[in-house]
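Asker: My structure file entry.txt, compact mmCIF, C-alpha atoms, is below:
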# COMPACT_ATOMS: atom_id res chain seq x y z
CA ARG A 1 97.70 16.47 -5.18
CA ILE A 2 96.92 13.76 -7.68
CA HIS A 3 99.29 14.22 -10.60
CA GLU A 4 100.80 12.04 -13.30
CA TYR A 5 104.34 12.91 -12.25
CA LYS A 6 103.65 11.84 -8.65
CA ARG A 7 102.66 8.46 -10.07
CA GLN A 8 99.83 7.47 -7.77
CA LEU A 9 99.02 5.47 -10.90
CA LEU A 10 102.13 3.32 -10.38
CA ASN A 11 100.84 2.55 -6.89
CA VAL A 12 97.46 1.44 -8.28
CA LEU A 13 99.07 -0.75 -10.94
CA GLY A 14 101.18 -2.36 -8.23
CA ILE A 15 98.07 -3.01 -6.14
CA ILE A 16 96.36 -4.69 -9.12
CA HIS A 17 99.44 -6.86 -9.64
CA ARG A 18 99.35 -7.83 -5.95
CA TYR A 19 95.63 -8.56 -6.16
CA GLU A 20 96.07 -10.83 -9.17
CA ALA A 21 98.95 -12.65 -7.47
CA ILE A 22 96.85 -13.33 -4.36
CA LYS A 23 93.94 -14.56 -6.50
CA LYS A 24 96.20 -17.19 -8.07
CA MET A 25 97.52 -18.48 -4.73
CA SER A 26 96.42 -21.61 -2.95
CA PRO A 27 94.91 -21.26 0.54
CA GLU A 28 98.23 -22.46 1.99
CA GLN A 29 100.20 -19.84 0.05
CA ARG A 30 97.83 -17.09 1.18
CA LYS A 31 98.73 -17.80 4.79
CA LYS A 32 102.20 -16.41 4.05
CA VAL A 33 100.98 -13.14 2.50
CA VAL A 34 101.73 -9.95 4.40
CA PRO A 35 98.35 -8.14 4.69
CA ARG A 36 98.14 -4.63 3.27
CA VAL A 37 95.70 -1.76 3.66
CA CYS A 38 96.55 0.76 0.94
CA VAL A 39 95.32 4.32 1.48
CA ILE A 40 95.50 6.95 -1.27
CA GLY A 41 94.44 10.53 -0.71
CA GLY A 42 94.66 13.67 -2.80
CA LYS A 43 92.80 16.17 -4.93
CA ALA A 44 92.66 16.83 -8.64
CA ALA A 45 92.87 20.36 -10.00
CA PRO A 46 89.50 21.40 -11.51
CA GLY A 47 90.75 21.28 -15.10
CA TYR A 48 93.07 18.27 -14.75
CA GLU A 49 91.07 15.56 -16.48
CA MET A 50 93.72 12.83 -16.25
CA ALA A 51 93.99 13.24 -12.47
CA LYS A 52 90.22 12.79 -12.17
CA ARG A 53 90.41 9.61 -14.23
CA ILE A 54 93.16 8.29 -11.95
CA ILE A 55 91.00 8.96 -8.87
CA LYS A 56 88.14 7.06 -10.52
CA LEU A 57 90.51 4.16 -11.25
CA VAL A 58 91.61 4.05 -7.61
CA CYS A 59 87.97 3.91 -6.48
CA ALA A 60 87.01 1.28 -9.06
CA VAL A 61 89.94 -0.97 -8.15
CA GLY A 62 89.12 -0.50 -4.46
CA ASP A 63 85.49 -1.50 -5.02
CA LYS A 64 86.59 -4.68 -6.78
CA ILE A 65 89.23 -5.73 -4.26
CA ASN A 66 87.32 -4.79 -1.12
CA GLY A 67 84.32 -6.82 -2.21
CA ASP A 68 86.25 -9.94 -3.17
CA PRO A 69 85.87 -12.67 -0.50
CA ASP A 70 88.81 -14.59 -1.99
CA VAL A 71 91.16 -11.83 -0.87
CA GLY A 72 89.46 -11.05 2.42
CA ASP A 73 91.69 -9.00 4.74
CA LEU A 74 94.89 -9.71 2.81
CA LEU A 75 94.44 -6.58 0.69
CA LYS A 76 92.29 -3.45 0.92
CA LEU A 77 92.36 -0.21 -1.05
CA VAL A 78 90.77 2.99 0.23
CA PHE A 79 90.60 6.42 -1.39
CA VAL A 80 90.33 9.25 1.14
CA PRO A 81 88.21 12.10 -0.26
CA ASP A 82 88.91 15.73 0.63
CA TYR A 83 92.34 14.89 2.03
CA ASN A 84 93.59 17.74 4.22
CA VAL A 85 95.77 18.52 7.23
CA SER A 86 93.18 17.33 9.74
CA THR A 87 92.92 13.99 7.97
CA ALA A 88 96.70 13.76 7.74
CA GLU A 89 97.01 14.23 11.51
CA VAL A 90 95.08 10.97 11.93
CA LEU A 91 96.58 8.94 9.09
CA ILE A 92 100.28 9.84 9.28
CA PRO A 93 100.96 8.50 12.81
CA ALA A 94 99.20 5.24 11.87
CA THR A 95 101.16 4.67 8.67
CA GLU A 96 103.88 2.02 8.47
CA LEU A 97 104.92 2.53 4.84
CA SER A 98 104.77 5.81 2.95
CA GLN A 99 105.04 5.95 -0.84
CA HIS A 100 106.86 8.82 -2.58
CA ILE A 101 107.32 7.44 -6.05
CA SER A 102 107.44 10.39 -8.45
CA THR A 103 109.53 10.20 -11.61
CA ALA A 104 113.07 11.24 -10.70
CA GLY A 105 113.72 14.90 -11.42
CA THR A 106 110.08 16.03 -11.30
CA GLU A 107 109.36 16.73 -7.61
CA ALA A 108 110.50 20.17 -6.43
CA SER A 109 110.87 19.01 -2.83
CA GLY A 110 107.89 17.54 -1.02
CA THR A 111 107.38 17.63 2.72
CA SER A 112 104.88 14.84 3.38
CA ASN A 113 107.71 12.30 3.24
CA MET A 114 109.37 14.21 6.10
CA LYS A 115 106.17 14.10 8.16
CA PHE A 116 105.74 10.37 7.64
CA ALA A 117 109.37 9.57 8.42
CA MET A 118 109.32 11.69 11.59
CA ASN A 119 106.32 9.66 12.73
CA GLY A 120 107.99 6.29 12.27
CA SER A 121 106.84 5.36 8.78
CA LEU A 122 109.37 3.84 6.40
CA ILE A 123 109.65 5.29 2.91
CA ILE A 124 109.42 3.48 -0.39
CA GLY A 125 110.42 5.89 -3.10
CA THR A 126 112.56 7.11 -5.94
CA LEU A 127 115.58 9.36 -5.52
CA ASP A 128 113.52 12.47 -6.20
CA GLY A 129 112.71 15.62 -4.28
CA ALA A 130 113.31 15.47 -0.54
CA ASN A 131 113.77 11.70 -0.75
CA VAL A 132 117.33 12.42 -1.86
CA GLU A 133 118.15 14.43 1.28
CA ILE A 134 116.24 12.05 3.54
CA ALA A 135 118.16 9.06 2.18
CA GLU A 136 121.41 10.91 2.81
CA GLU A 137 120.44 11.59 6.42
CA ILE A 138 118.90 8.27 7.44
CA GLY A 139 120.86 6.01 5.08
CA GLU A 140 119.45 4.27 2.02
CA GLU A 141 119.53 1.02 3.96
CA ASN A 142 116.69 2.40 6.11
CA ALA A 143 114.40 3.08 3.16
CA PHE A 144 113.23 1.19 0.08
CA ILE A 145 114.73 3.09 -2.85
CA PHE A 146 114.04 2.05 -6.44
CA GLY A 147 113.73 3.32 -9.97
CA ALA A 148 115.46 5.40 -12.60
CA LYS A 149 117.78 8.20 -11.46
CA ALA A 150 117.26 11.80 -12.57
CA HIS A 151 120.25 11.74 -14.95
CA GLU A 152 118.82 8.65 -16.68
CA VAL A 153 115.35 10.00 -17.39
CA ALA A 154 116.08 11.90 -20.62
CA ARG A 155 117.80 8.87 -22.15
CA LEU A 156 115.02 6.50 -21.10
CA ARG A 157 112.41 8.80 -22.62
CA GLY A 158 114.38 8.84 -25.85
CA GLU A 159 114.54 5.04 -25.86
CA ARG A 160 110.89 4.56 -24.86
CA ARG A 161 109.74 3.77 -28.41
CA ASN A 162 111.94 0.64 -28.45
CA PHE A 163 111.30 -0.31 -24.82
CA LYS A 164 109.52 -3.63 -24.31
CA PRO A 165 107.56 -3.59 -21.02
CA ASP A 166 107.66 -6.54 -18.67
CA PRO A 167 104.81 -9.06 -19.21
CA ARG A 168 103.57 -8.33 -15.67
CA PHE A 169 103.07 -4.69 -16.62
CA ASP A 170 101.28 -5.67 -19.83
CA ALA A 171 99.04 -8.04 -17.84
CA VAL A 172 97.90 -5.26 -15.50
CA VAL A 173 97.20 -2.91 -18.40
CA ALA A 174 95.25 -5.67 -20.18
CA LYS A 175 93.22 -6.30 -17.01
CA ILE A 176 92.12 -2.67 -16.86
CA ARG A 177 91.38 -2.58 -20.59
CA SER A 178 89.31 -5.76 -20.31
CA GLY A 179 86.75 -4.03 -18.11
CA ALA A 180 87.60 -6.06 -15.00
CA PHE A 181 87.18 -2.88 -12.95
CA GLY A 182 84.48 -1.38 -15.16
CA TRP A 183 84.74 2.00 -16.85
CA GLU A 184 87.16 0.68 -19.49
CA ASP A 185 86.33 3.51 -21.92
CA TYR A 186 86.91 6.13 -19.22
CA PHE A 187 90.25 4.57 -18.28
CA ALA A 188 91.39 4.21 -21.91
CA PRO A 189 93.27 7.56 -22.00
CA ILE A 190 95.24 6.55 -18.89
CA MET A 191 96.27 3.28 -20.50
CA GLU A 192 97.15 5.07 -23.72
CA ALA A 193 99.37 7.52 -21.80
CA ILE A 194 101.46 4.77 -20.22
CA THR A 195 101.71 2.50 -23.26
CA ALA A 196 102.47 5.12 -25.91
CA SER A 197 104.82 7.96 -24.94
CA ASP A 198 104.83 7.07 -21.21
CA TYR A 199 106.44 10.42 -20.38
CA TYR A 200 106.67 9.63 -16.67
CA LEU A 201 108.27 6.20 -17.20
CA VAL A 202 105.62 4.18 -15.40
CA ALA A 203 106.43 1.06 -17.44
CA ASN A 204 110.19 1.44 -16.91
CA ASP A 205 109.87 1.65 -13.14
CA PHE A 206 107.11 -0.93 -12.73
CA VAL A 207 109.34 -3.96 -12.15
CA PRO A 208 111.79 -2.13 -9.85
CA TYR A 209 108.73 -0.94 -7.93
CA ILE A 210 107.16 -4.36 -7.41
CA ASP A 211 110.61 -5.75 -6.54
CA ALA A 212 110.94 -3.02 -3.88
CA GLN A 213 107.47 -3.94 -2.60
CA ALA A 214 108.57 -7.56 -2.31
CA LYS A 215 111.51 -6.37 -0.23
CA VAL A 216 109.03 -4.46 1.96
CA ASP A 217 107.12 -7.70 2.59
CA GLU A 218 110.31 -9.59 3.37
CA THR A 219 111.45 -6.92 5.83
CA TYR A 220 108.05 -6.62 7.51
CA ARG A 221 108.11 -10.33 8.36
CA ASP A 222 111.20 -9.56 10.47
CA GLN A 223 109.56 -7.22 12.97
CA ALA A 224 112.82 -6.59 14.85
CA LYS A 225 114.48 -5.39 11.63
CA TRP A 226 111.46 -3.30 10.64
CA THR A 227 111.35 -1.64 14.07
CA ARG A 228 115.07 -0.91 13.97
CA MET A 229 114.75 0.71 10.54
CA SER A 230 111.79 2.76 11.75
CA ILE A 231 113.68 4.03 14.80
CA LEU A 232 116.80 4.90 12.80
CA SER A 233 114.66 6.61 10.15
CA SER A 234 112.90 8.83 12.70
CA ALA A 235 116.11 9.49 14.63
CA GLY A 236 117.89 10.62 11.47
CA MET A 237 115.28 13.25 10.58
CA GLY A 238 116.63 16.02 12.82
CA LYS A 239 117.89 18.05 9.87
CA PHE A 240 114.30 18.59 8.73
CA SER A 241 113.10 20.20 11.96
CA THR A 242 111.49 23.63 11.72
CA ASP A 243 114.19 25.07 14.01
CA ARG A 244 116.92 24.30 11.50
CA THR A 245 114.81 25.27 8.50
CA ILE A 246 113.73 28.66 9.85
CA ALA A 247 117.26 29.49 11.07
CA GLU A 248 118.65 28.68 7.62
CA TYR A 249 116.02 30.74 5.83
CA ALA A 250 116.64 33.66 8.21
CA LYS A 251 120.39 33.55 7.52
CA ASP A 252 120.54 32.75 3.80
CA ILE A 253 117.31 34.16 2.35
CA TRP A 254 115.66 36.71 4.64
CA ASP A 255 118.93 38.14 6.03
CA VAL A 256 117.44 38.70 9.46
CA LYS A 257 119.22 38.38 12.78
CA PRO A 258 117.78 36.57 15.78
CA CYS A 259 116.33 38.72 18.52
CA VAL A 260 117.65 37.30 21.75
CA VAL A 261 115.07 37.27 24.51
CA PRO A 262 116.53 38.92 27.63
CA GLN A 263 116.91 36.48 30.46
CA PRO A 264 115.57 37.49 33.88
CA LYS A 265 118.25 38.37 36.40
Show how you would write the structure in this file as structure tokens.
Answerer:
Amino acid sequence: RIHEYKRQLLNVLGIIHRYEAIKKMSPEQRKKVVPRVCVIGGKAAPGYEMAKRIIKLVCAVGDKINGDPDVGDLLKLVFVPDYNVSTAEVLIPATELSQHISTAGTEASGTSNMKFAMNGSLIIGTLDGANVEIAEEIGEENAFIFGAKAHEVARLRGERRNFKPDPRFDAVVAKIRSGAFGWEDYFAPIMEAITASDYYLVANDFVPYIDAQAKVDETYRDQAKWTRMSILSSAGMGKFSTDRTIAEYAKDIWDVKPCVVPQPK
């Protein structure tokens, strides 16, 4: 699902920041950039207007970046329409970095992060939902954890009126408002939401997010380290197997006993 609390918007803002940084680089500096293909998939509920605007923003930013010869293959952004299980079966095994960046305390659980981690993808995310349990099992050192903690969210929301966003955040917002990606009037409510009340703390977590992304780049350059983290991440995911989950549900929730299959004599 596309939802404000899941903060696909934070991902898009980070991509714009990356795009602008690449545009300002010299040809020599660009040789050191870690290439990225960013894939976003999801659906908006029929009546969820803001989610539809976010999808349009993803597509508009993708059109701009993908058609810019200055950037070339250093950065691409693709929105996958009609994302479903069949599509996931193709994308998940090919993914190297999976983003689970909801505002802490808002995600009930989430299972896609489990699927990605089991298939070798590293996680960049907040300590929210299943990320908390995954980090406990695989070790935070084998993921890229950032952002406000759940117990901090209420205080940060209360202080939001006096919060001064980082200039890099303001620059991305100004870029969207300027019409650089078109549709500035259509995107205006999104910008208003993250510069006024900013209920999901997009501005607060923006700098920790781009710092975590910089750490991703640094780690990816060391392929031995990246591979080690990937192996340890997958190897630590045993707790989330269906065998353990179903056995636990049967014991604690359904109160059913296993029916032992008789063994042939």
Asker: What's around A:Trp183 at 9 Å? Count only C-alpha atoms, leave out sequence neighbours fewer than 4 positions away in its own chain, and write the answer as a JSON list (two decimals) with C-alpha atoms, in the frame of the given file.
Answerer:
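Saved result, out.json, follows:
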[["chain", "number", "residue", "atom", "x", "y", "z"],
["A", 56, "LYS", "CA", 88.14, 7.06, -10.52],
["A", 57, "LEU", "CA", 90.51, 4.16, -11.25],
["A", 60, "ALA", "CA", 87.01, 1.28, -9.06],
["A", 176, "ILE", "CA", 92.12, -2.67, -16.86],
["A", 177, "ARG", "CA", 91.38, -2.58, -20.59],
["A", 179, "GLY", "CA", 86.75, -4.03, -18.11],
["A", 187, "PHE", "CA", 90.25, 4.57, -18.28],
["A", 188, "ALA", "CA", 91.39, 4.21, -21.91]]
Asker: What is the distance, in Å and to one decimal place, between atom CA of A:Leu127 and atom CA of A:Gly147?
Answerer: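 Straight-line distance from atom CA of A:Leu127 to atom CA of A:Gly147 works out to 7.7 Å.
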Asker: Name the residues within 9 Å of (95.7, 12.6, -0.8), counting all atoms listed in the file in the file's coordinates, and put them as a list in words.
Answerer: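 The residues near that point, listed by chain and number, are Arg1, Ile2, Val39, Ile40, Gly41, Gly42, Lys43, Phe79, Val80, Pro81, Asp82, Tyr83, Asn84 and Ala88 of chain A.
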Asker: Which is closest to A:Ala193 among A:Gly67, A:Lys251, A:Leu156, A:Val173, if we use only C-alpha atoms?
Answerer: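 Between A:Gly67, A:Lys251, A:Leu156, A:Val173, the residue approaching A:Ala193 most closely is A:Val173.
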Asker: With the cut-off set at 12 Å and counting all atoms listed in the file, tabulate each residue of stretch 1-83 of chain A with an atom at most that distance from an atom of stretch 210-228 of chain A, showing the nearest atom pair and its distance in Å to one decimal, ordered by chain and increasing number, as CSV.
Answerer:
residue,atom,partner,partner_atom,distance
A:Leu10,CA,A:Ile210,CA,9.6
A:Asn11,CA,A:Ile210,CA,9.4
A:Val12,CA,A:Ile210,CA,11.3
A:Leu13,CA,A:Ile210,CA,9.5
A:Gly14,CA,A:Ile210,CA,6.4
A:Ile15,CA,A:Ile210,CA,9.3
A:Ile16,CA,A:Ile210,CA,10.9
A:His17,CA,A:Ile210,CA,8.4
A:Arg18,CA,A:Ile210,CA,8.7
A:Ala21,CA,A:Ile210,CA,11.7
A:Lys32,CA,A:Arg221,CA,9.5
A:Val33,CA,A:Asp217,CA,8.2
A:Val34,CA,A:Asp217,CA,6.1
A:Pro35,CA,A:Asp217,CA,9.0
A:Arg36,CA,A:Asp217,CA,9.5
Asker: Between atom CA of A:Thr195 and atom CA of A:Val58, measure the distance and give it in Å to one decimal.
Answerer: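 Separating atom CA of A:Thr195 from atom CA of A:Val58 is a distance of 18.7 Å.
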Asker: Can you tell me which residues surround A:Lys257 at a distance of at most 12 Å, considering all atoms listed in the file, apart from same-chain residues fewer than 6 positions away, and format the answer as a short mmCIF file (atom, residue, chain, number, x, y, z; two decimals) with C-alpha atoms, keeping the file's coordinate frame?
Answerer:
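Output saved as part-v6.cif:
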data_model
loop_
_atom_site.label_atom_id
_atom_site.label_comp_id
_atom_site.auth_asym_id
_atom_site.auth_seq_id
_atom_site.Cartn_x
_atom_site.Cartn_y
_atom_site.Cartn_z
CA ILE A 246 113.73 28.66 9.85
CA ALA A 247 117.26 29.49 11.07
CA GLU A 248 118.65 28.68 7.62
CA TYR A 249 116.02 30.74 5.83
CA ALA A 250 116.64 33.66 8.21
CA LYS A 251 120.39 33.55 7.52
#
Asker: Between atom CA of A:Gly120 and atom CA of A:Phe146, measure the distance and give it in Å to one decimal.
Answerer: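 We find that atom CA of A:Gly120 and atom CA of A:Phe146 lie 20.1 Å from each other.
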Asker: From the set A:Leu77, A:Ala117, A:Ala150, A:Ile101, which residue has the shortest atom-to-atom contact distance to A:Val37, counting only C-alpha atoms?
Answerer: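 With only C-alpha atoms as the atom set, the closest residue is A:Leu77.
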Asker: Taking all listed atoms of stretch 241-247 of chain A, build the axis-aligned box, pad each of the six sides by 3 Å, then write its centre and edge lengths in Å to one decimal as JSON.
Answerer:
{"center_x": 114.4, "center_y": 24.8, "center_z": 11.3, "size_x": 11.8, "size_y": 15.3, "size_z": 11.5}
Asker: When distances are computed from only C-alpha atoms, which of A:Lys149, A:Arg155, A:Arg30, A:His100 shows the smallest separation from A:Asp70?
Answerer: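 Looking only at the distances to A:Asp70, the closest residue turns out to be A:Arg30.
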Asker: Name the closest residue to A:Ala171 among the candidates A:Lys64, A:Met191, A:Ser26, A:Asp243; distances are taken between atoms, counting only C-alpha atoms.
Answerer: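 Nearest candidate to A:Ala171 out of A:Lys64, A:Met191, A:Ser26, A:Asp243: A:Met191.
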Asker: Which of these residues is nearest to A:Ala108, using only C-alpha atoms: A:Gly129, A:Pro93, A:Pro46, A:Pro69?
Answerer: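 Looking only at the distances to A:Ala108, the closest residue turns out to be A:Gly129.
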Asker: Nearest to A:Met237 among A:His151, A:Lys115, A:Lys24, A:Lys265, with distances taken over all atoms listed in the file: which residue is it?
Answerer: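 Ranked by minimum distance to A:Met237, first place goes to A:Lys115.
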Asker: Using all atoms listed in the file, tabulate the residues of stretch 146-264 of chain A lying at most 10 Å from any atom of stretch 131-134 of chain A, each with its closest atom pair and that distance in Å to one decimal, by chain and increasing residue number, as JSON lines.
Answerer:
{"residue": "A:Ser233", "atom": "CA", "partner": "A:Ile134", "partner_atom": "CA", "distance": 8.7}
{"residue": "A:Gly236", "atom": "CA", "partner": "A:Ile134", "partner_atom": "CA", "distance": 8.2}
{"residue": "A:Met237", "atom": "CA", "partner": "A:Ile134", "partner_atom": "CA", "distance": 7.2}
{"residue": "A:Lys239", "atom": "CA", "partner": "A:Ile134", "partner_atom": "CA", "distance": 8.9}
{"residue": "A:Phe240", "atom": "CA", "partner": "A:Ile134", "partner_atom": "CA", "distance": 8.6}
Asker: Complete stretch 97-108 of chain A at the level of all heavy atoms, written as a tab-separated table (two decimals), in the frame of the given file.
Answerer:
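Listed below is the output, out27.tsv:
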chain	number	residue	atom	x	y	z
A	97	LEU	N	104.16	2.38	6.07
A	97	LEU	CA	104.92	2.53	4.84
A	97	LEU	C	104.34	3.69	4.05
A	97	LEU	O	103.15	3.73	3.78
A	97	LEU	CB	104.84	1.25	3.99
A	97	LEU	CG	105.61	1.27	2.68
A	97	LEU	CD1	107.12	1.22	2.94
A	97	LEU	CD2	105.20	0.11	1.78
A	98	SER	N	105.21	4.62	3.67
A	98	SER	CA	104.77	5.81	2.95
A	98	SER	C	105.40	5.81	1.56
A	98	SER	O	106.60	5.58	1.42
A	98	SER	CB	105.20	7.06	3.73
A	98	SER	OG	104.87	8.23	3.03
A	99	GLN	N	104.58	6.06	0.53
A	99	GLN	CA	105.04	5.95	-0.84
A	99	GLN	C	105.26	7.33	-1.46
A	99	GLN	O	104.33	8.13	-1.56
A	99	GLN	CB	104.03	5.15	-1.67
A	99	GLN	CG	103.72	3.79	-1.05
A	99	GLN	CD	103.21	2.79	-2.05
A	99	GLN	OE1	103.66	2.73	-3.20
A	99	GLN	NE2	102.25	1.97	-1.63
A	100	HIS	N	106.49	7.56	-1.92
A	100	HIS	CA	106.86	8.82	-2.58
A	100	HIS	C	107.61	8.43	-3.84
A	100	HIS	O	108.84	8.35	-3.86
A	100	HIS	CB	107.69	9.67	-1.62
A	100	HIS	CG	106.99	9.90	-0.31
A	100	HIS	ND1	106.07	10.92	-0.13
A	100	HIS	CD2	106.99	9.20	0.84
A	100	HIS	CE1	105.57	10.84	1.09
A	100	HIS	NE2	106.11	9.80	1.70
A	101	ILE	N	106.84	8.22	-4.90
A	101	ILE	CA	107.32	7.44	-6.05
A	101	ILE	C	107.27	8.23	-7.36
A	101	ILE	O	107.08	7.67	-8.44
A	101	ILE	CB	106.51	6.13	-6.17
A	101	ILE	CG1	105.01	6.39	-6.27
A	101	ILE	CG2	106.79	5.24	-4.95
A	101	ILE	CD1	104.16	5.11	-6.41
A	102	SER	N	107.45	9.54	-7.27
A	102	SER	CA	107.44	10.39	-8.45
A	102	SER	C	108.60	10.05	-9.38
A	102	SER	O	109.63	9.51	-8.96
A	102	SER	CB	107.52	11.86	-8.04
A	102	SER	OG	108.63	12.07	-7.16
A	103	THR	N	108.45	10.38	-10.66
A	103	THR	CA	109.53	10.20	-11.61
A	103	THR	C	110.70	11.07	-11.20
A	103	THR	O	110.54	12.25	-10.90
A	103	THR	CB	109.08	10.60	-13.03
A	103	THR	OG1	107.84	9.96	-13.33
A	103	THR	CG2	110.12	10.23	-14.07
A	104	ALA	N	111.89	10.50	-11.14
A	104	ALA	CA	113.07	11.24	-10.70
A	104	ALA	C	113.25	12.52	-11.51
A	104	ALA	O	113.14	12.52	-12.73
A	104	ALA	CB	114.31	10.37	-10.82
A	105	GLY	N	113.49	13.61	-10.78
A	105	GLY	CA	113.72	14.90	-11.42
A	105	GLY	C	112.48	15.75	-11.60
A	105	GLY	O	112.55	16.85	-12.16
A	106	THR	N	111.32	15.28	-11.09
A	106	THR	CA	110.08	16.03	-11.30
A	106	THR	C	109.54	16.70	-10.04
A	106	THR	O	108.82	17.69	-10.13
A	106	THR	CB	108.97	15.11	-11.85
A	106	THR	OG1	108.75	14.04	-10.93
A	106	THR	CG2	109.36	14.52	-13.20
A	107	GLU	N	109.89	16.18	-8.87
A	107	GLU	CA	109.36	16.73	-7.61
A	107	GLU	C	110.27	17.84	-7.12
A	107	GLU	O	111.48	17.64	-6.95
A	107	GLU	CB	109.25	15.63	-6.55
A	107	GLU	CG	108.62	16.06	-5.24
A	107	GLU	CD	107.13	16.37	-5.37
A	107	GLU	OE1	106.32	15.43	-5.35
A	107	GLU	OE2	106.80	17.57	-5.50
A	108	ALA	N	109.70	19.04	-6.89
A	108	ALA	CA	110.50	20.17	-6.43
A	108	ALA	C	111.13	19.88	-5.08
A	108	ALA	O	112.31	20.12	-4.84
A	108	ALA	CB	109.65	21.43	-6.36
